[in-house]
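Below is coords.csv, holding CSV, C-alpha atoms and all ligand atoms.
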```csv
chain,number,residue,atom,x,y,z
A,1,MET,CA,23.7,318.4,87.4
A,2,LEU,CA,23.0,316.4,84.3
A,3,PRO,CA,21.1,313.3,85.5
A,4,TYR,CA,22.0,309.8,84.5
A,5,GLY,CA,18.4,309.1,83.4
A,6,ARG,CA,15.2,311.0,83.3
A,7,GLN,CA,11.7,310.9,81.8
A,8,SER,CA,10.6,312.6,78.6
A,9,VAL,CA,7.1,314.0,79.1
A,10,SER,CA,5.3,315.7,76.2
A,11,GLU,CA,2.2,318.0,76.1
A,12,ALA,CA,0.3,315.0,74.7
A,13,ASP,CA,1.3,313.0,77.8
A,14,ILE,CA,0.0,315.7,80.0
A,15,GLU,CA,-3.3,316.0,78.1
A,16,ALA,CA,-3.8,312.2,78.3
A,17,VAL,CA,-3.5,312.3,82.1
A,18,THR,CA,-5.7,315.3,82.5
A,19,ALA,CA,-8.4,313.7,80.4
A,20,VAL,CA,-8.5,310.8,82.9
A,21,LEU,CA,-8.9,313.3,85.7
A,22,ARG,CA,-11.9,314.8,84.0
A,23,GLY,CA,-13.4,311.4,83.4
A,24,ASP,CA,-15.2,308.7,85.4
A,25,TRP,CA,-12.5,306.2,86.1
A,26,LEU,CA,-9.4,307.0,88.2
A,27,THR,CA,-8.6,303.3,88.5
A,28,THR,CA,-9.8,299.9,87.2
A,29,GLY,CA,-11.1,301.8,84.1
A,30,PRO,CA,-10.7,301.7,80.4
A,31,ALA,CA,-7.2,303.3,80.3
A,32,VAL,CA,-5.8,300.3,82.3
A,33,THR,CA,-7.3,297.8,79.8
A,34,ALA,CA,-6.1,299.8,76.8
A,35,PHE,CA,-2.6,300.0,78.3
A,36,GLU,CA,-2.5,296.3,79.0
A,37,ASP,CA,-3.6,295.6,75.5
A,38,ALA,CA,-0.9,297.8,74.1
A,39,ILE,CA,1.8,296.2,76.2
A,40,SER,CA,0.6,292.8,75.2
A,41,LYS,CA,0.8,293.8,71.5
A,42,LEU,CA,4.4,295.1,72.0
A,43,ALA,CA,5.4,292.0,73.9
A,44,GLY,CA,4.5,289.1,71.7
A,45,GLY,CA,0.7,289.1,72.1
A,46,HIS,CA,0.7,287.4,75.5
A,47,ARG,CA,-1.4,288.4,78.5
A,48,ALA,CA,-0.1,291.6,80.2
A,49,VAL,CA,-1.1,292.6,83.7
A,50,SER,CA,-0.1,296.2,84.7
A,51,CYS,CA,0.8,297.0,88.3
A,52,THR,CA,2.4,299.6,90.6
A,53,SER,CA,6.1,298.9,90.0
A,54,GLY,CA,8.7,296.6,88.5
A,55,THR,CA,9.2,295.2,92.0
A,56,ALA,CA,5.5,294.5,92.3
A,57,ALA,CA,5.7,292.8,88.9
A,58,LEU,CA,8.5,290.5,90.1
A,59,HIS,CA,6.5,289.7,93.3
A,60,MET,CA,3.4,288.9,91.1
A,61,ALA,CA,5.5,286.8,88.7
A,62,TYR,CA,7.0,284.7,91.3
A,63,ALA,CA,3.7,284.3,93.2
A,64,ALA,CA,1.9,283.3,89.9
A,65,LEU,CA,4.6,280.7,89.3
A,66,GLY,CA,3.9,279.3,92.7
A,67,VAL,CA,7.3,280.1,94.2
A,68,GLY,CA,7.5,279.3,97.9
A,69,PRO,CA,9.4,277.6,100.7
A,70,GLY,CA,11.5,274.7,99.5
A,71,ASP,CA,11.9,276.2,96.0
A,72,GLU,CA,15.1,277.6,94.5
A,73,VAL,CA,15.3,280.5,92.2
A,74,VAL,CA,18.5,280.8,90.1
A,75,THR,CA,19.3,284.3,89.2
A,76,THR,CA,22.1,286.9,88.4
A,77,PRO,CA,23.8,289.1,91.0
A,78,MET,CA,24.2,291.9,88.4
A,79,THR,CA,20.8,293.4,88.9
A,80,PHE,CA,18.7,295.6,91.1
A,81,VAL,CA,18.0,293.8,94.4
A,82,ALA,CA,14.3,293.3,93.7
A,83,THR,CA,15.0,290.5,91.1
A,84,ALA,CA,16.2,288.4,94.0
A,85,SER,CA,14.4,289.8,97.1
A,86,SER,CA,11.0,289.4,95.5
A,87,ALA,CA,11.6,285.6,95.4
A,88,ALA,CA,13.2,285.5,98.8
A,89,ILE,CA,10.2,287.3,100.4
A,90,LEU,CA,8.0,284.4,99.2
A,91,GLY,CA,10.3,281.9,101.1
A,92,ALA,CA,12.4,280.7,98.2
A,93,LYS,CA,16.1,280.1,98.4
A,94,VAL,CA,18.0,282.4,96.0
A,95,VAL,CA,20.9,280.8,94.1
A,96,PHE,CA,23.3,283.2,92.4
A,97,ALA,CA,24.9,282.2,89.1
A,98,ASP,CA,27.7,284.2,87.6
A,99,VAL,CA,27.4,286.5,84.6
A,100,ASP,CA,29.3,286.5,81.3
A,101,ALA,CA,32.4,288.7,81.8
A,102,ASP,CA,31.8,290.8,78.7
A,103,THR,CA,28.0,291.4,78.6
A,104,ALA,CA,27.2,291.0,82.4
A,105,LEU,CA,24.3,288.8,81.3
A,106,LEU,CA,23.5,285.6,83.2
A,107,ASP,CA,25.8,282.9,82.0
A,108,PRO,CA,23.9,279.7,80.9
A,109,ALA,CA,26.8,277.5,81.7
A,110,ALA,CA,26.9,278.8,85.3
A,111,VAL,CA,23.1,278.3,85.5
A,112,ASP,CA,23.5,274.7,84.1
A,113,ALA,CA,25.9,273.8,86.9
A,114,LEU,CA,23.5,275.1,89.7
A,115,VAL,CA,20.1,273.9,88.8
A,116,THR,CA,18.5,271.0,90.8
A,117,GLU,CA,15.1,269.4,91.0
A,118,ARG,CA,14.2,272.1,93.5
A,119,THR,CA,14.8,274.9,90.9
A,120,LYS,CA,11.4,276.6,90.2
A,121,VAL,CA,12.5,279.6,88.2
A,122,ILE,CA,15.6,280.7,86.3
A,123,ALA,CA,15.4,284.5,86.4
A,124,ALA,CA,17.6,286.4,84.0
A,125,VAL,CA,18.0,290.2,83.6
A,126,ASP,CA,18.3,292.1,80.4
A,127,TYR,CA,21.1,294.1,81.8
A,128,ALA,CA,21.4,297.6,80.3
A,129,GLY,CA,18.8,296.8,77.7
A,130,GLN,CA,20.0,293.8,75.8
A,131,ALA,CA,18.0,290.5,76.1
A,132,ALA,CA,19.7,287.7,78.1
A,133,GLU,CA,20.5,284.3,76.5
A,134,TYR,CA,17.0,282.8,76.8
A,135,ALA,CA,17.5,280.4,73.9
A,136,ALA,CA,20.2,278.7,76.0
A,137,LEU,CA,18.4,279.1,79.4
A,138,GLN,CA,15.0,277.7,78.3
A,139,PRO,CA,16.2,274.1,77.6
A,140,ILE,CA,18.0,274.1,81.0
A,141,ALA,CA,14.7,275.2,82.7
A,142,ASP,CA,12.7,272.7,80.7
A,143,ARG,CA,15.1,269.9,81.7
A,144,VAL,CA,14.5,270.4,85.4
A,145,GLY,CA,10.8,271.4,85.2
A,146,ALA,CA,11.5,275.1,85.9
A,147,LYS,CA,10.2,278.2,84.3
A,148,THR,CA,12.2,281.1,82.8
A,149,LEU,CA,11.6,284.7,84.0
A,150,ALA,CA,12.9,287.7,82.1
A,151,ASP,CA,13.4,290.8,84.3
A,152,ALA,CA,13.1,293.2,81.4
A,153,ALA,CA,13.0,296.4,83.4
A,154,HIS,CA,15.7,297.7,81.1
A,155,SER,CA,14.8,296.2,77.7
A,156,VAL,CA,11.1,296.7,76.8
A,157,GLY,CA,11.1,297.6,73.1
A,158,GLY,CA,14.1,295.4,72.3
A,159,THR,CA,14.3,292.1,70.4
A,160,ALA,CA,16.5,289.0,70.2
A,161,ASP,CA,16.6,286.8,67.1
A,162,GLY,CA,13.7,288.9,65.7
A,163,ARG,CA,11.4,288.2,68.6
A,164,PRO,CA,10.3,291.0,70.9
A,165,VAL,CA,11.1,291.2,74.6
A,166,GLY,CA,8.0,289.6,76.3
A,167,ASP,CA,8.2,286.6,73.9
A,168,LEU,CA,11.6,285.4,75.0
A,169,ALA,CA,10.9,283.8,78.4
A,170,ASP,CA,7.9,282.1,80.1
A,171,VAL,CA,7.2,285.2,82.1
A,172,THR,CA,8.5,288.7,81.6
A,173,THR,CA,8.5,291.7,84.1
A,174,LEU,CA,8.7,295.4,83.1
A,175,SER,CA,9.2,298.6,85.1
A,176,PHE,CA,7.9,302.0,84.2
A,177,PHE,CA,9.9,304.0,86.8
A,178,PRO,CA,10.8,307.5,85.4
A,179,THR,CA,14.3,306.6,84.5
A,180,LYS,CA,13.3,303.5,82.5
A,181,ASN,CA,12.4,303.3,78.8
A,182,LEU,CA,8.9,304.6,79.3
A,183,THR,CA,7.1,305.8,82.4
A,184,THR,CA,3.8,305.7,84.2
A,185,GLY,CA,5.3,307.5,87.3
A,186,GLU,CA,5.6,304.4,89.3
A,187,GLY,CA,4.5,301.3,87.4
A,188,GLY,CA,5.2,297.9,85.9
A,189,ALA,CA,3.7,294.9,84.2
A,190,VAL,CA,3.9,291.2,84.0
A,191,VAL,CA,3.7,289.4,80.6
A,192,CYS,CA,2.9,285.7,80.7
A,193,LYS,CA,3.0,283.2,77.8
A,194,ASP,CA,0.7,280.8,79.7
A,195,PRO,CA,-2.8,282.4,80.2
A,196,ALA,CA,-3.3,280.4,83.4
A,197,ILE,CA,-0.2,282.0,84.9
A,198,GLY,CA,-1.4,285.4,83.6
A,199,GLN,CA,-4.7,284.9,85.4
A,200,ARG,CA,-2.9,284.0,88.6
A,201,ALA,CA,-0.7,287.2,88.3
A,202,HIS,CA,-3.9,289.2,87.7
A,203,GLU,CA,-5.7,287.8,90.7
A,204,PHE,CA,-2.7,288.1,93.0
A,205,HIS,CA,-2.4,291.9,92.2
A,206,PHE,CA,-6.2,292.2,92.6
A,207,ILE,CA,-6.5,291.1,96.3
A,208,GLY,CA,-7.1,287.5,95.1
A,209,LEU,CA,-10.6,288.2,94.0
A,210,VAL,CA,-12.2,285.6,91.7
A,211,ARG,CA,-15.0,287.0,89.6
A,212,ASP,CA,-15.8,284.2,87.2
A,213,PRO,CA,-19.0,282.5,88.3
A,214,ASP,CA,-17.9,279.2,86.7
A,215,ARG,CA,-15.2,279.0,89.3
A,216,PHE,CA,-17.2,280.0,92.4
A,217,GLU,CA,-17.2,277.7,95.4
A,218,LEU,CA,-20.0,279.7,96.9
A,219,ALA,CA,-22.4,279.3,94.0
A,220,ASP,CA,-25.7,280.9,95.3
A,221,GLU,CA,-24.7,284.2,96.9
A,222,GLY,CA,-26.1,286.5,94.2
A,223,PRO,CA,-25.1,288.8,91.4
A,224,TRP,CA,-22.9,290.9,93.6
A,225,HIS,CA,-20.7,288.0,94.6
A,226,GLN,CA,-16.9,287.7,94.3
A,227,GLU,CA,-14.7,285.4,96.4
A,228,VAL,CA,-11.1,284.8,97.4
A,229,HIS,CA,-9.4,281.4,96.9
A,230,GLU,CA,-5.8,282.6,97.5
A,231,TYR,CA,-4.4,285.6,99.4
A,232,GLY,CA,-3.5,288.6,97.2
A,233,VAL,CA,-2.3,292.2,97.4
A,234,ASN,CA,-3.5,295.4,95.8
A,235,TYR,CA,-0.8,296.3,93.2
A,236,ARG,CA,-3.3,297.9,90.7
A,237,LEU,CA,-2.0,300.6,88.4
A,238,THR,CA,-4.3,303.7,88.2
A,239,ASP,CA,-5.9,305.0,85.0
A,240,LEU,CA,-3.8,308.1,85.5
A,241,GLY,CA,-0.6,306.0,85.2
A,242,ALA,CA,-2.0,303.8,82.5
A,243,ALA,CA,-3.0,306.9,80.3
A,244,LEU,CA,0.5,308.3,80.7
A,245,GLY,CA,2.0,304.9,79.7
A,246,LEU,CA,-0.3,304.6,76.7
A,247,SER,CA,0.7,308.0,75.5
A,248,GLN,CA,4.4,307.3,76.1
A,249,LEU,CA,4.2,304.0,74.1
A,250,ARG,CA,3.4,306.1,71.0
A,251,ARG,CA,6.9,307.6,71.3
A,252,LEU,CA,8.7,304.3,72.2
A,253,ALA,CA,10.3,303.9,68.8
A,254,GLU,CA,11.5,307.5,68.9
A,255,PHE,CA,12.9,306.9,72.4
A,256,LYS,CA,14.7,303.8,71.1
A,257,GLN,CA,16.2,305.6,68.2
A,258,ARG,CA,17.6,308.4,70.3
A,259,ARG,CA,19.0,305.9,72.9
A,260,THR,CA,20.7,304.0,70.0
A,261,GLU,CA,22.2,307.3,68.6
A,262,ILE,CA,23.6,308.3,72.0
A,263,THR,CA,25.0,304.9,72.6
A,264,ALA,CA,26.7,305.0,69.1
A,265,ARG,CA,28.1,308.4,69.9
A,266,TYR,CA,29.6,307.2,73.2
A,267,ASN,CA,31.0,304.0,71.5
A,268,ALA,CA,32.7,305.9,68.8
A,269,ALA,CA,34.2,308.4,71.2
A,270,PHE,CA,35.6,305.8,73.6
A,271,ALA,CA,36.6,303.1,71.2
A,272,GLY,CA,40.4,303.9,71.2
A,273,VAL,CA,40.7,305.3,74.7
A,274,ASP,CA,43.1,303.5,77.0
A,275,GLY,CA,41.6,302.9,80.4
A,276,LEU,CA,38.0,302.6,79.1
A,277,ARG,CA,36.0,299.6,77.7
A,278,THR,CA,32.8,300.1,75.8
A,279,PRO,CA,29.7,297.9,76.3
A,280,VAL,CA,29.7,294.5,74.5
A,281,GLN,CA,26.6,293.7,72.4
A,282,ARG,CA,25.9,290.1,71.8
A,283,PRO,CA,24.9,288.8,68.3
A,284,GLY,CA,21.3,288.6,67.3
A,285,VAL,CA,20.1,291.2,69.8
A,286,ASP,CA,18.6,294.6,69.0
A,287,PRO,CA,18.9,296.3,72.4
A,288,MET,CA,16.8,299.1,73.8
A,289,TRP,CA,19.8,300.7,75.5
A,290,HIS,CA,18.6,301.7,79.0
A,291,LEU,CA,22.0,302.2,80.5
A,292,TYR,CA,25.4,303.1,79.0
A,293,PRO,CA,27.7,301.0,81.2
A,294,VAL,CA,31.3,302.0,80.3
A,295,ARG,CA,34.0,300.1,82.2
A,296,VAL,CA,36.8,302.2,83.9
A,297,LEU,CA,40.0,300.1,84.0
A,298,GLY,CA,43.0,300.4,86.3
A,299,GLY,CA,41.1,300.6,89.6
A,300,ARG,CA,40.0,304.2,88.9
A,301,ARG,CA,36.2,303.8,88.8
A,302,ARG,CA,35.6,305.4,92.2
A,303,GLU,CA,37.9,308.4,91.5
A,304,VAL,CA,36.4,308.9,88.1
A,305,PHE,CA,32.8,308.6,89.5
A,306,GLU,CA,33.6,311.3,92.1
A,307,ARG,CA,35.3,313.6,89.6
A,308,MET,CA,32.4,313.2,87.0
A,309,ARG,CA,29.9,314.1,89.8
A,310,ALA,CA,32.1,317.1,90.8
A,311,ALA,CA,31.9,318.2,87.1
A,312,GLY,CA,28.1,318.2,87.3
A,313,ILE,CA,27.6,314.9,85.4
A,314,GLY,CA,25.3,312.6,87.2
A,315,VAL,CA,26.9,309.2,86.7
A,316,GLN,CA,25.6,306.1,88.5
A,317,VAL,CA,26.9,302.6,89.3
A,318,ASN,CA,24.6,299.6,88.3
A,319,TYR,CA,24.9,297.4,90.3
A,320,ILE,CA,26.5,296.3,93.5
A,321,PRO,CA,26.3,292.4,93.4
A,322,VAL,CA,23.0,291.6,95.0
A,323,TYR,CA,24.5,289.2,97.6
A,324,TRP,CA,26.7,292.0,99.0
A,325,HIS,CA,23.6,293.6,100.4
A,326,PRO,CA,23.6,292.9,104.2
A,327,VAL,CA,20.2,291.1,104.0
A,328,PHE,CA,21.8,288.5,101.8
A,329,ALA,CA,25.3,288.6,103.3
A,330,ARG,CA,23.9,287.9,106.8
A,331,GLN,CA,22.5,284.6,105.4
A,332,GLY,CA,26.0,283.4,104.5
A,333,TYR,CA,26.4,284.4,100.8
A,334,ARG,CA,30.1,285.2,100.6
A,335,ARG,CA,32.1,287.6,98.5
A,336,GLY,CA,33.9,285.8,95.7
A,337,LEU,CA,30.8,283.8,94.8
A,338,CYS,CA,30.4,285.3,91.3
A,339,PRO,CA,33.9,286.7,90.3
A,340,ASN,CA,32.8,288.0,86.9
A,341,ALA,CA,29.9,290.0,88.5
A,342,GLU,CA,32.3,291.4,91.2
A,343,GLN,CA,34.9,292.4,88.6
A,344,PHE,CA,32.2,294.1,86.5
A,345,TYR,CA,30.9,296.0,89.5
A,346,ALA,CA,34.4,297.2,90.3
A,347,GLU,CA,34.7,298.8,86.9
A,348,GLU,CA,31.2,299.8,85.9
A,349,LEU,CA,30.1,303.4,85.4
A,350,SER,CA,26.7,304.4,83.9
A,351,LEU,CA,26.8,307.6,81.9
A,352,PRO,CA,23.8,309.8,81.3
A,353,LEU,CA,21.4,308.2,78.8
A,354,TYR,CA,17.9,309.4,78.1
A,355,PRO,CA,16.0,310.6,75.0
A,356,ASP,CA,16.1,314.4,75.8
A,357,LEU,CA,19.9,314.4,76.2
A,358,THR,CA,21.3,316.7,73.5
A,359,ASP,CA,24.3,316.0,71.3
A,360,SER,CA,26.1,318.8,73.1
A,361,ASP,CA,25.3,317.2,76.5
A,362,VAL,CA,26.7,314.0,75.2
A,363,ASP,CA,29.8,315.7,74.0
A,364,ARG,CA,30.3,317.3,77.3
A,365,VAL,CA,30.1,313.9,79.0
A,366,ILE,CA,32.6,312.5,76.5
A,367,ASP,CA,35.1,315.4,76.8
A,368,THR,CA,34.9,315.3,80.6
A,369,LEU,CA,35.5,311.5,80.8
A,370,VAL,CA,38.2,311.3,78.2
A,371,THR,CA,40.1,314.2,79.8
A,372,LEU,CA,39.8,312.5,83.2
A,373,VAL,CA,41.1,309.1,82.2
A,374,GLY,CA,43.6,310.5,79.7
A,401,LIG,C1,14.1,299.3,88.1
A,401,LIG,C2,14.3,297.8,88.2
A,401,LIG,C3,13.5,297.0,89.0
A,401,LIG,C4,12.4,297.5,89.8
A,401,LIG,O1,11.5,298.3,89.2
A,401,LIG,P1,10.7,299.4,90.1
A,401,LIG,O2,9.7,299.9,89.2
A,401,LIG,O3,11.8,300.5,90.5
A,401,LIG,O4,10.2,298.8,91.3
A,401,LIG,C5,13.7,295.6,88.9
A,401,LIG,N1,14.7,295.1,88.2
A,401,LIG,C6,15.6,295.9,87.5
A,401,LIG,C7,16.7,295.2,86.7
A,401,LIG,C8,15.4,297.2,87.5
A,401,LIG,O5,16.3,298.0,86.8
```

Could you render the structure as structure tokens?
Amino acid sequence: MLPYGRQSVSEADIEAVTAVLRGDWLTTGPAVTAFEDAISKLAGGHRAVSCTSGTAALHMAYAALGVGPGDEVVTTPMTFVATASSAAILGAKVVFADVDADTALLDPAAVDALVTERTKVIAAVDYAGQAAEYAALQPIADRVGAKTLADAAHSVGGTADGRPVGDLADVTTLSFFPTKNLTTGEGGAVVCKDPAIGQRAHEFHFIGLVRDPDRFELADEGPWHQEVHEYGVNYRLTDLGAALGLSQLRRLAEFKQRRTEITARYNAAFAGVDGLRTPVQRPGVDPMWHLYPVRVLGGRRREVFERMRAAGIGVQVNYIPVYWHPVFARQGYRRGLCPNAEQFYAEELSLPLYPDLTDSDVDRVIDTLVTLVG
């Protein structure tokens, strides 16, 4: 079975990880610091805190922004559940705004209609790898005193209006799961424009430990002392993961180029095919295509999914609208809430897309799909 996504691991990656195993620091060591510095550099120069997953990154981001009971988080239903559930787990109310019917990105007009003085965060998702419309979302957030969050699990390495992902929203979260644009095994990061929020994200993922003597409330304990002011968790990335990530970052431009080439090959092949619609790219964005979300028209998506899988092609569907998950549906979120997202879900099919996919693999996917819908 051709997978829909997979990691690309080189001999240099393997050497980077084994070097850590031979060294002194398996965690909290120099590879973590170097990886965070490299992510920061890639993402606009802001503080980057690495962690154990994209879900952990979202939890840290919402916690660092002070999200809690009584707050509302406005977000998109066209995402992996963690974008919403990580805010709900902190006690916030999740408000779903619909997406643009073409791009499946959070629609600023829909957000504008739903924000209130209780809105704490507007969380957009860079679906499939193209940055959401932060230039329109930021003024809405500023107006109600909220912050913007970019769930950039798909888009690290991309840009919008010449600015890198990481520099587009107040806080940005990344995922380094193996199918994503670079991997640390499991892993993620939070990028924060405000250093104070970055420090809160760091402390939350580090058990809440405060190590700066200037901030101690217990001033005279001794040189060993560290203290906790707010509860935290342990979401630390290991040096093994960080070394892998650092090595992978060296090939990120190469990964991006290959993802772009495959996307162009799919686009050209499907352009004139009845029954298919190619992804819509919005102006000003240089995407890091993580998914290739073709739309299968005429109510045939499920049939086409099953026949592609039967032909050994590991297609995927991204995503079921988040509020259809029973945990949200049980709270009263009803079907029909976001019609564009539901229509997109009904038609979406993710085709294999990853750097090591060969041209002949791509052609096999194309031939199989075109024959099926023809
Ligand atoms: C993968 C993903 C996440 C979660 O990342 P993990 O590393 O799998 O926890 C969050 N949001 C989106 C949009 C994702 O694709």

Counting all atoms listed in the file, what residues are within 10 Å of ligand LIG 401 (chain A), given as an mmCIF file with C-alpha atoms, in the coordinates of the input?
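Okay, this is what ended up in result-v6.cif:
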```cif
data_model
loop_
_atom_site.group_PDB
_atom_site.id
_atom_site.type_symbol
_atom_site.label_atom_id
_atom_site.label_comp_id
_atom_site.auth_asym_id
_atom_site.auth_seq_id
_atom_site.Cartn_x
_atom_site.Cartn_y
_atom_site.Cartn_z
ATOM 1 C CA CYS A 51 0.800 297.000 88.300
ATOM 2 C CA THR A 52 2.400 299.600 90.600
ATOM 3 C CA SER A 53 6.100 298.900 90.000
ATOM 4 C CA GLY A 54 8.700 296.600 88.500
ATOM 5 C CA THR A 55 9.200 295.200 92.000
ATOM 6 C CA ALA A 56 5.500 294.500 92.300
ATOM 7 C CA ALA A 57 5.700 292.800 88.900
ATOM 8 C CA LEU A 58 8.500 290.500 90.100
ATOM 9 C CA MET A 78 24.200 291.900 88.400
ATOM 10 C CA THR A 79 20.800 293.400 88.900
ATOM 11 C CA PHE A 80 18.700 295.600 91.100
ATOM 12 C CA VAL A 81 18.000 293.800 94.400
ATOM 13 C CA ALA A 82 14.300 293.300 93.700
ATOM 14 C CA THR A 83 15.000 290.500 91.100
ATOM 15 C CA ALA A 84 16.200 288.400 94.000
ATOM 16 C CA SER A 86 11.000 289.400 95.500
ATOM 17 C CA ALA A 124 17.600 286.400 84.000
ATOM 18 C CA VAL A 125 18.000 290.200 83.600
ATOM 19 C CA ASP A 126 18.300 292.100 80.400
ATOM 20 C CA TYR A 127 21.100 294.100 81.800
ATOM 21 C CA ALA A 128 21.400 297.600 80.300
ATOM 22 C CA GLY A 129 18.800 296.800 77.700
ATOM 23 C CA ALA A 150 12.900 287.700 82.100
ATOM 24 C CA ASP A 151 13.400 290.800 84.300
ATOM 25 C CA ALA A 152 13.100 293.200 81.400
ATOM 26 C CA ALA A 153 13.000 296.400 83.400
ATOM 27 C CA HIS A 154 15.700 297.700 81.100
ATOM 28 C CA SER A 155 14.800 296.200 77.700
ATOM 29 C CA THR A 173 8.500 291.700 84.100
ATOM 30 C CA LEU A 174 8.700 295.400 83.100
ATOM 31 C CA SER A 175 9.200 298.600 85.100
ATOM 32 C CA PHE A 176 7.900 302.000 84.200
ATOM 33 C CA PHE A 177 9.900 304.000 86.800
ATOM 34 C CA PRO A 178 10.800 307.500 85.400
ATOM 35 C CA THR A 179 14.300 306.600 84.500
ATOM 36 C CA LYS A 180 13.300 303.500 82.500
ATOM 37 C CA THR A 183 7.100 305.800 82.400
ATOM 38 C CA THR A 184 3.800 305.700 84.200
ATOM 39 C CA GLY A 185 5.300 307.500 87.300
ATOM 40 C CA GLU A 186 5.600 304.400 89.300
ATOM 41 C CA GLY A 187 4.500 301.300 87.400
ATOM 42 C CA GLY A 188 5.200 297.900 85.900
ATOM 43 C CA ALA A 189 3.700 294.900 84.200
ATOM 44 C CA HIS A 290 18.600 301.700 79.000
ATOM 45 C CA LEU A 291 22.000 302.200 80.500
ATOM 46 C CA ASN A 318 24.600 299.600 88.300
ATOM 47 C CA TYR A 319 24.900 297.400 90.300
#
```

Handout entry: Straight-line distance linking atom CA of Ser50 of chain A with atom CA of Glu254 of chain A, stated in Å to one decimal
Key = 22.6 Å

Mind dumping a table of every segment 103-192 of chain A residue within 8 Å of segment 39-48 of chain A, with the nearest atom pair and its distance in Å to one decimal, using only C-alpha atoms, sorted by chain and rising number, as a tab-separated table?
```
residue	atom	partner	partner_atom	distance
A:Val156	CA	A:Ala43	CA	7.9
A:Gly157	CA	A:Leu42	CA	7.2
A:Arg163	CA	A:Gly44	CA	7.6
A:Pro164	CA	A:Ala43	CA	5.8
A:Val165	CA	A:Ala43	CA	5.8
A:Gly166	CA	A:Ala43	CA	4.3
A:Asp167	CA	A:Gly44	CA	5.0
A:Ala189	CA	A:Ala48	CA	6.4
A:Val190	CA	A:Ala48	CA	5.5
A:Val191	CA	A:Ala48	CA	4.4
A:Cys192	CA	A:Arg47	CA	5.5
```

Handout entry: Point-to-point distance from atom CA of Gly314 of chain A to atom CA of Pro3 of chain A, Å rounded to tenths
Key = 4.6 Å

Problem - Exercise: segment 199-213 of chain A partners within 6 Å, only C-alpha atoms, chain neighbours under 6 positions left out, as a list in words - result: Val49, Met60, Ala64, Gln226, Glu227, Val228, Glu230, Tyr231, Gly232, Val233, Asn234 and Tyr235 of chain A

Handout entry: Residues within 12 Å of (33.5, 310.2, 91.1), file coords, only C-alpha atoms, listed as number ranges by chain
Key = A: 296, 300-317, 348-351, 368-369, 372-373

Would you pick out the contacts of Asp239 of chain A at 8 Å or less, using only C-alpha atoms, so that residues sharing its chain but fewer than 6 positions from it are not included, and give the list as a PDB file with C-alpha atoms, in the coordinates of the input?
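That gives us selection.pdb:
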```pdb
ATOM      1  CA  VAL A  20      -8.500 310.800  82.900  1.00  0.00           C
ATOM      2  CA  TRP A  25     -12.500 306.200  86.100  1.00  0.00           C
ATOM      3  CA  LEU A  26      -9.400 307.000  88.200  1.00  0.00           C
ATOM      4  CA  THR A  27      -8.600 303.300  88.500  1.00  0.00           C
ATOM      5  CA  THR A  28      -9.800 299.900  87.200  1.00  0.00           C
ATOM      6  CA  GLY A  29     -11.100 301.800  84.100  1.00  0.00           C
ATOM      7  CA  PRO A  30     -10.700 301.700  80.400  1.00  0.00           C
ATOM      8  CA  ALA A  31      -7.200 303.300  80.300  1.00  0.00           C
ATOM      9  CA  VAL A  32      -5.800 300.300  82.300  1.00  0.00           C
TER      10      VAL A  32
END
```

Need the shell around Asp359 of chain A: protein/DNA/RNA residues with any atom at most 12 Å away, counting all atoms listed in the file. Skip same-chain ones fewer than 2 positions apart. Format as a PDB file with C-alpha atoms, in the coordinates of the input?
```pdb
ATOM      1  CA  ARG A 258      17.600 308.400  70.300  1.00  0.00           C
ATOM      2  CA  ARG A 259      19.000 305.900  72.900  1.00  0.00           C
ATOM      3  CA  GLU A 261      22.200 307.300  68.600  1.00  0.00           C
ATOM      4  CA  ILE A 262      23.600 308.300  72.000  1.00  0.00           C
ATOM      5  CA  THR A 263      25.000 304.900  72.600  1.00  0.00           C
ATOM      6  CA  ALA A 264      26.700 305.000  69.100  1.00  0.00           C
ATOM      7  CA  ARG A 265      28.100 308.400  69.900  1.00  0.00           C
ATOM      8  CA  TYR A 266      29.600 307.200  73.200  1.00  0.00           C
ATOM      9  CA  PRO A 352      23.800 309.800  81.300  1.00  0.00           C
ATOM     10  CA  LEU A 353      21.400 308.200  78.800  1.00  0.00           C
ATOM     11  CA  TYR A 354      17.900 309.400  78.100  1.00  0.00           C
ATOM     12  CA  PRO A 355      16.000 310.600  75.000  1.00  0.00           C
ATOM     13  CA  ASP A 356      16.100 314.400  75.800  1.00  0.00           C
ATOM     14  CA  LEU A 357      19.900 314.400  76.200  1.00  0.00           C
ATOM     15  CA  ASP A 361      25.300 317.200  76.500  1.00  0.00           C
ATOM     16  CA  VAL A 362      26.700 314.000  75.200  1.00  0.00           C
ATOM     17  CA  ASP A 363      29.800 315.700  74.000  1.00  0.00           C
ATOM     18  CA  ARG A 364      30.300 317.300  77.300  1.00  0.00           C
ATOM     19  CA  VAL A 365      30.100 313.900  79.000  1.00  0.00           C
ATOM     20  CA  ILE A 366      32.600 312.500  76.500  1.00  0.00           C
TER      21      ILE A 366
END
```

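Of note, atom CA of Ala87 of chain A and atom CA of Pro69 of chain A are spaced 9.8 Å apart.
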
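For the residues A:Leu168, A:Val74, A:Ala34, A:Ala141, ranking by smallest atom-to-atom distance to Phe96 of chain A using only C-alpha atoms places A:Val74 first.
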
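Look at Ile122 of chain A: the protein and nucleic acid residues within 6 Å of it, using only C-alpha atoms and passing over chain neighbours fewer than 4 places away, are Val73, Val74, Thr75 and Thr148 of chain A.
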
Handout entry: Option closest in space to Ala61 of chain A, from A:Val94, A:Arg22, A:Ala88, A:Ile197 [counting all atoms listed in the file]
Key = A:Ile197

Handout entry: Residue contacts of Pro77 of chain A (8 Å, all atoms listed in the file) excluding same-chain residues fewer than 2 positions away, as a PyMOL selection string
Key = chain A and resi 75+79+96-99+321-323+338+341
